[in-house]
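Everything on this sheet refers to the single structure shown next.
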Amino acid sequence: MKSLKYRIALVLLVLLGSIYIMFTKPVTLGLDLQGGTHLVLQIDVKKAIEDEVSTALREIKNKFEKENIPLLSAKREKKKIELVLLEKSSVQKAVELVKEDYGNMFDVKVEGEKLILTLKPSYISKEIDRLAEQALETIRNRIDELGVAEPVIVRNGKDRIIVELPGIKDPERAKKVIGKVAKLEFKEVVDTAQTPDELITKLGGTIPPGETVSVVPSPSGAKFYILKDGKKEELKVNSLEKLVKKFGGHVPEDNQILVQEIKDKSERVIGYQFFILKKEPILTGAYLKDAYPSTDEYGMPAVSFELNSEGARIFKDYTSKHIGVRLAIVLDNKVQSAPVIRSAIGGRGQITGQFSYQEAKDLSIVLRAGALPAPVKIIEETTVGPSLGKESIEKGIKAGVAGLIIVMLFMVAYYKLSGAIADLALLMNVAVLWAALALLGATLTLPGIAGFILTIGMAVDANVIIFERIREELRKGRNLYSAVEAGFSRAWGTIIDANVTTLVAAIVLFQFGTGPIKGFAVTLSLGILSSMFTAVFVTKVLLDVIVKYKSRIFSI
């Protein structure tokens, strides 16, 4: 008697708690139900690692120079560095210096005066993981700044990230903010040129008489042409460095050529200004403390920034010693502006360019969130409109209600009062499952609704097994109380086997699936657990009440 009262109290507590949660805490709807954008991003880890090798090569050369180790040649081939020393006597010292700073990064092989540095597989594996985790965190920070509610941002494999933005109103803006590398650098200007001809000449090249070189902007990048006698011929080069080299010029090893885009009023690129810069940055965005949209001295949109204490110290020290020198503000390898240093600059500055206010605002967001460690590319994109999501919800609800009614009618028709008790447990199962989704912050997707409907059928499946066992016991001549106890006892093993195997399958789907598949797995898993409680425990409590107090109305 006492045990039954406690069980009834537990059932009522769970029921009332579930109803309260249902009406006070909404369930998060997935992308396919409320509309939004689904993106699959691929991180260019190959380029990032090759850039790290290039940086390592530059640093090794600088160190060798300081230690008086003369080099005959030094080059990078993808993930490998080859160093040829001028003197064989320096080999041992050179190997020790490389291992001291880069022992965890490179395997060192010596062939005479040549050192071959090859990236270690263990380093590559760790670096890919680091790049992916850093990219994930940066993208999450940027999306948080956009104010998207309940986004999904998860890794998929070693170099992919899945981003789901439910209810996003401007997916194009979101894609730009997410995909922008936002690598901010401050570099010293060595020289400038207004035309390709001037650039080639300043770097020691010679253009044949009567010929002119032009650089034409295009959606896929700049294209290079040679103009002669009114005819235009495309040059098969893909960078300004190669263009200079083609005409006999040479870019010093510690320099690089970058451009500043010249745009018309419609933001279309119509030309370039060319900058020869020091390759090594004075400062990077890593020292940034804050960035926010503002206006420049002419009232045009700009981005103001503030450096942290270390960045402010470096910046002030450099600018105080280089008054009169031009300093380029470089974003993603494009010069935004290149002002002349008039006086020492502390911890504040401004990035100007041909920005719209929205672009200035978005640039502030990506600078605050930090630069991506490597470029990312959108390899898959799906956009679901809100009307389609609303239609999916309506159809899902109709299907769920229809399934519920059919199952409930069948149970009453076939099992009479016991069937009605199973129906009450089934309704409670729906309430408990919905409350669990809301309480755990799970996202309900269209496949999740399918899992919800499947759970309805699986919940009464346990009742069917129990009721058939009770019928068998009654046919053997047992009294009602003994038949009910034996029915539940004999059915328990079968119910456990069926539900545990289904639960294992759901866990596997959740572990290895993505997006909608995970939504199905979550709903199915929670549905199995809630149905185990309602179909077995709640049904048993209700049947015990009938058997104890109203046994004459019992039917099955």
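Labels for the structure tokens follow display order: chains A, B, ..., residues from 1 in each chain, ligands from 1.
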
* Pick out each residue of stretch 222-312 of chain A that DSSP on the backbone tags as strand (DSSP E); I need them as a ChimeraX atom specification. => /A:223-228,231-234,255-263,269-278,283-284,288-295,301-307

* Quick one: everything within 7 Å of A:Leu119, counting only C-alpha atoms, minus sequence neighbours fewer than 4 positions away in the same chain. Send it as a ChimeraX atom specification. => /A:79-80,105-107,123

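Using only C-alpha atoms, the protein and nucleic acid residues lying no more than 10 Å from A:Ser309, apart from those fewer than 4 places from it along its own chain, are Tyr287, Leu288, Lys289, Arg313, Ile314, Phe315, Gly346 and Gly347 of chain A.
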
Residue selection dump (N, CA and C atoms) as a short mmCIF file (atom, residue, chain, number, x, y, z; two decimals), in the first residue's frame:
```cif
data_model
loop_
_atom_site.label_atom_id
_atom_site.label_comp_id
_atom_site.auth_asym_id
_atom_site.auth_seq_id
_atom_site.Cartn_x
_atom_site.Cartn_y
_atom_site.Cartn_z
N TYR A 287 47.84 41.47 -31.53
CA TYR A 287 47.98 42.45 -30.45
C TYR A 287 46.75 43.34 -30.31
N LEU A 288 45.68 43.02 -31.06
CA LEU A 288 44.48 43.85 -31.05
C LEU A 288 43.67 43.63 -29.77
N LYS A 289 43.26 44.71 -29.14
CA LYS A 289 42.43 44.63 -27.94
C LYS A 289 40.96 44.85 -28.28
N ARG A 313 53.24 49.26 -26.95
CA ARG A 313 54.67 49.52 -26.73
C ARG A 313 55.47 49.33 -28.01
N ILE A 314 55.21 48.21 -28.73
CA ILE A 314 55.93 47.93 -29.98
C ILE A 314 55.64 49.01 -31.02
N PHE A 315 54.35 49.39 -31.13
CA PHE A 315 53.93 50.38 -32.13
C PHE A 315 54.56 51.75 -31.85
N GLY A 346 50.62 55.71 -30.25
CA GLY A 346 50.48 54.83 -29.10
C GLY A 346 49.63 53.62 -29.39
N GLY A 347 48.59 53.42 -28.57
CA GLY A 347 47.81 52.19 -28.66
C GLY A 347 46.55 52.27 -29.48
#
```

* **Those of stretch 28-233 of chain A in DSSP helix (DSSP H, G or I), formatted as number ranges by chain** => A: 31-34, 45-66, 88-102, 121-146, 171-179, 196-202

* Quick one: residues within 12 Å of A:Ile528, only C-alpha atoms counted, chain neighbours fewer than 6 positions away excluded, as a PyMOL selection string? -> chain A and resi 429-430+432-433+436+451-462+495-496+498-507+521-522+534-536

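Coordinates place atom CA of A:Ala182 at a distance of 27.1 Å from atom CA of A:Ser343.
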
Stretch 468-514 of chain A near stretch 396-419 of chain A within 12 Å: what's each residue's closest atom pair and its distance in Å to one decimal, counting only C-alpha atoms, ordered by chain then ascending residue number, as CSV?
```
residue,atom,partner,partner_atom,distance
A:Glu468,CA,A:Tyr415,CA,9.4
A:Ile470,CA,A:Ser418,CA,10.5
A:Arg471,CA,A:Tyr415,CA,10.0
A:Val484,CA,A:Ser418,CA,11.0
```

* Leaving out A:Ile351 and any residue of its chain fewer than 4 positions from it, which residues lie within 9 Å of it when counting only C-alpha atoms, given as number ranges by chain? -> A: 296, 302-305, 329, 336-337

With N, CA and C atoms retained, write the just-selected residues as a PDB file, in the first residue's frame.
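What ended up in again24.pdb:
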```pdb
ATOM      1  N   ASP A 296      36.227  58.488 -40.628  1.00  0.00           N
ATOM      2  CA  ASP A 296      37.533  59.142 -40.757  1.00  0.00           C
ATOM      3  C   ASP A 296      37.358  60.662 -40.764  1.00  0.00           C
ATOM      4  N   ALA A 302      34.966  54.004 -41.354  1.00  0.00           N
ATOM      5  CA  ALA A 302      36.303  53.477 -41.065  1.00  0.00           C
ATOM      6  C   ALA A 302      36.201  52.517 -39.879  1.00  0.00           C
ATOM      7  N   VAL A 303      37.324  51.905 -39.542  1.00  0.00           N
ATOM      8  CA  VAL A 303      37.369  51.007 -38.389  1.00  0.00           C
ATOM      9  C   VAL A 303      38.471  51.496 -37.447  1.00  0.00           C
ATOM     10  N   SER A 304      38.091  51.870 -36.233  1.00  0.00           N
ATOM     11  CA  SER A 304      39.078  52.274 -35.230  1.00  0.00           C
ATOM     12  C   SER A 304      39.477  51.050 -34.423  1.00  0.00           C
ATOM     13  N   PHE A 305      40.726  51.027 -33.988  1.00  0.00           N
ATOM     14  CA  PHE A 305      41.195  49.876 -33.219  1.00  0.00           C
ATOM     15  C   PHE A 305      42.019  50.339 -32.025  1.00  0.00           C
ATOM     16  N   ILE A 329      48.755  49.483 -43.783  1.00  0.00           N
ATOM     17  CA  ILE A 329      47.834  48.652 -42.984  1.00  0.00           C
ATOM     18  C   ILE A 329      47.283  47.601 -43.951  1.00  0.00           C
ATOM     19  N   GLN A 336      45.025  48.377 -47.213  1.00  0.00           N
ATOM     20  CA  GLN A 336      43.818  49.177 -46.992  1.00  0.00           C
ATOM     21  C   GLN A 336      44.149  50.671 -47.026  1.00  0.00           C
ATOM     22  N   SER A 337      45.265  51.022 -46.426  1.00  0.00           N
ATOM     23  CA  SER A 337      45.740  52.410 -46.462  1.00  0.00           C
ATOM     24  C   SER A 337      47.217  52.401 -46.112  1.00  0.00           C
TER      25      SER A 337
END
```

* Structure fact -> In Å and to one decimal, atom CA of A:Leu258 is distant from atom CA of A:Ile341 by 19.5 Å

* Tell me, as a PyMOL selection string, which residues lie within 12 Å of A:Leu12, counting only C-alpha atoms; anything in the same chain fewer than 2 positions away does not count. => chain A and resi 5-10+14-19+425+428+432+534+538+541-542

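Note that the spacing between atom CA of A:Gly271 and atom CA of A:Pro171 amounts to 29.0 Å.
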
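Take the candidates A:Glu67, A:Asp332, A:Asp51, A:Glu380 and check each one against A:Val98 using only C-alpha atoms; the shortest distance goes to A:Glu67.
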
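Between A:Lys316 and the residues A:Arg478, A:Lys334, A:Arg348, A:Arg142, the shortest atom-to-atom distance, using only C-alpha atoms, involves A:Arg348.
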
* **Pick from A:Ile139, A:Val330, A:Val163, A:Leu426, whichever lies nearest to A:Ile379 using only C-alpha atoms** => A:Val163

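Closest to A:Thr319 among A:Lys236, A:Lys88, A:Lys187, A:Lys228 is A:Lys187, based on only C-alpha atoms.
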